[in-house]
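Visitor: Provided herewith is a single structure, encoded as structure tokens, for subsequent inquiry.
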Amino acid sequence: MQASDRTVEGEFVAACQRLSLFSDWRQAGFLFAGRTDRGVHAIGQVAAFSTTAPERAIQTINTQLPPDCWCTGYAEVPPAFHPRYDAKRRTYRYFFSRRPAHILPMIRAADRFVGNHNFTNFARIEGRNPYRTVHAAKIVDEGDFVYLEVAADSFLWHQVRCMATALLRIGDGEESEESVDRLLAAKAEKPLQPAPAEGLVLWDTDCGISWMPVPAGTRSTGFIDQLIGHHALMEKICRTIRPPDTAP
């Protein structure tokens, strides 16, 4: 939550308060599994809180949340449950905005991230332990999408976005597959810039929970349909007003 900015956590707490699920989020023990950068999406975020009205929460939470934020499932958990510390694994997907020229070298390079490595060159460290254990990392070429999927116990700030930058350079032929090994082994002369936040999705947070589904509702499905139509229109407009290429 931010005092002056709209956030998913802030919207969720406000919806719970409007439904009188709790009055004080601190007393209710409201917690999210983790934070994401501005612009990052999530379909696998986990929230936890205590309430004396669980049925009301299940049946009405999506009527109070804004259309671009919705709950997909619920579960009853023990009082000591902590969505951050009880998370066994987190999975992110980074969707590239364009198709790289060389997919196979990216696929091979992604394997080099698996294991326990020093990610100093791939993150904002700021006093944190730079070592992280990556359980799986792969490039997927699926229909209209090429994306990086990576799973780990935990991640550093900007880690996945910087991993995406390194792999895109390989896909564009600017770097070799071995560049990943070099970045994991020694301090880089020039830090990697994280890829744009909009391509990143927190895909799953595995807390060992079996979820019961909650329908998103027509407000949210209608919002997504409107968003799809808006972006399709904007693509047409941008292609129309794009300046013509000039000869060198």
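Following the order of the structure tokens, first chain is A, next is B, and so on, with residues numbered from 1 inside each chain and ligands from 1 in the order they appear.
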Which neighbours of A:Phe81 fall inside 12 Å, counting only C-alpha atoms, when residues of the same chain fewer than 2 positions from it are skipped, and could you give them as a ChimeraX atom specification?
Guide: /A:29-33,46-50,75-79,83-87,207-209
Visitor: Just C-alpha atoms for this one: save the residues we selected as a short mmCIF file (atom, residue, chain, number, x, y, z; two decimals), in the first residue's frame.
Guide:
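Final output, result-v8.cif:
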```cif
data_model
loop_
_atom_site.label_atom_id
_atom_site.label_comp_id
_atom_site.auth_asym_id
_atom_site.auth_seq_id
_atom_site.Cartn_x
_atom_site.Cartn_y
_atom_site.Cartn_z
CA GLY A 29 -2.97 -9.80 9.87
CA PHE A 30 -3.43 -8.81 6.23
CA LEU A 31 -0.40 -9.97 4.22
CA PHE A 32 0.61 -10.43 0.60
CA ALA A 33 3.09 -13.06 -0.60
CA VAL A 46 -1.53 -14.70 -2.54
CA ALA A 47 -3.20 -12.62 0.20
CA ALA A 48 -4.10 -13.74 3.71
CA PHE A 49 -6.20 -12.19 6.47
CA SER A 50 -8.45 -13.17 9.37
CA ALA A 75 -8.71 -21.47 1.02
CA GLU A 76 -8.94 -21.73 4.79
CA VAL A 77 -5.48 -21.76 6.37
CA PRO A 78 -4.06 -22.16 9.90
CA PRO A 79 -3.71 -19.00 12.03
CA PRO A 83 1.88 -16.12 2.50
CA ARG A 84 5.44 -14.87 2.13
CA TYR A 85 7.37 -17.20 4.40
CA ASP A 86 5.24 -20.27 3.68
CA ALA A 87 5.67 -19.90 -0.07
CA CYS A 207 2.16 -22.27 -0.78
CA GLY A 208 1.07 -25.91 -0.83
CA ILE A 209 -2.59 -24.87 -0.83
#
```
Visitor: For A:Leu168, work out the shell of residues within 9 Å, counting only C-alpha atoms and skipping chain neighbours fewer than 6 positions away, then give it as JSON, numbers by chain.
Guide: {"A": [96, 100, 106, 174, 175]}
Visitor: What does the distance between atom CA of A:Thr51 and atom CA of A:Thr221 come to in Å, to one decimal place?
Guide: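 One can read the atom CA of A:Thr51 to atom CA of A:Thr221 distance as 27.4 Å.
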Visitor: Give me, as a list of chain:residue names, all polymer residues having an atom no more than 6 Å from stretch 150-161 of chain A, counting only C-alpha atoms and skipping those fewer than 4 positions away in the same chain.
Guide: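 Contacts, in chain order: A:Arg89, A:Arg90, A:Thr91, A:Tyr92, A:Phe122, A:Ala123, A:Arg124, A:Thr133, A:Val134, A:His135, A:Ala136, A:Ala137, A:Pro194, A:Ala195.
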Visitor: Using only C-alpha atoms, what does the table of stretch 18-38 of chain A residues within 12 Å of stretch 61-72 of chain A look like, with each row giving the shortest atom pair and its distance in Å to one decimal, sorted by chain and ascending number, as a Markdown table?
Guide:
```
| residue | atom | partner | partner_atom | distance |
| --- | --- | --- | --- | --- |
| A:Arg18 | CA | A:Gln64 | CA | 7.6 |
| A:Leu19 | CA | A:Ile61 | CA | 7.7 |
| A:Ser20 | CA | A:Ile61 | CA | 10.8 |
| A:Leu21 | CA | A:Ile61 | CA | 9.6 |
```
Visitor: Could you write those residues out with C-alpha atoms, as a tab-separated table (two decimals), in the first residue's frame?
Guide:
```
chain	number	residue	atom	x	y	z
A	18	ARG	CA	-16.10	-1.76	2.70
A	19	LEU	CA	-17.42	-5.30	3.22
A	20	SER	CA	-16.68	-5.07	6.98
A	21	LEU	CA	-14.46	-8.13	6.76
```
Visitor: Go ahead and compute the interatomic distance for atom CA of A:Leu200 and atom CA of A:Val40, in Å to one decimal.
Guide: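 If I compute the distance from atom CA of A:Leu200 to atom CA of A:Val40, I get 5.4 Å.
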Visitor: I need the residue nearest A:Thr60 from this list: A:Ala15, A:Ala80, A:Ala164, A:Ile228. Use only C-alpha atoms for the distance.
Guide: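 Among A:Ala15, A:Ala80, A:Ala164, A:Ile228, it is A:Ala15 that comes nearest to A:Thr60.
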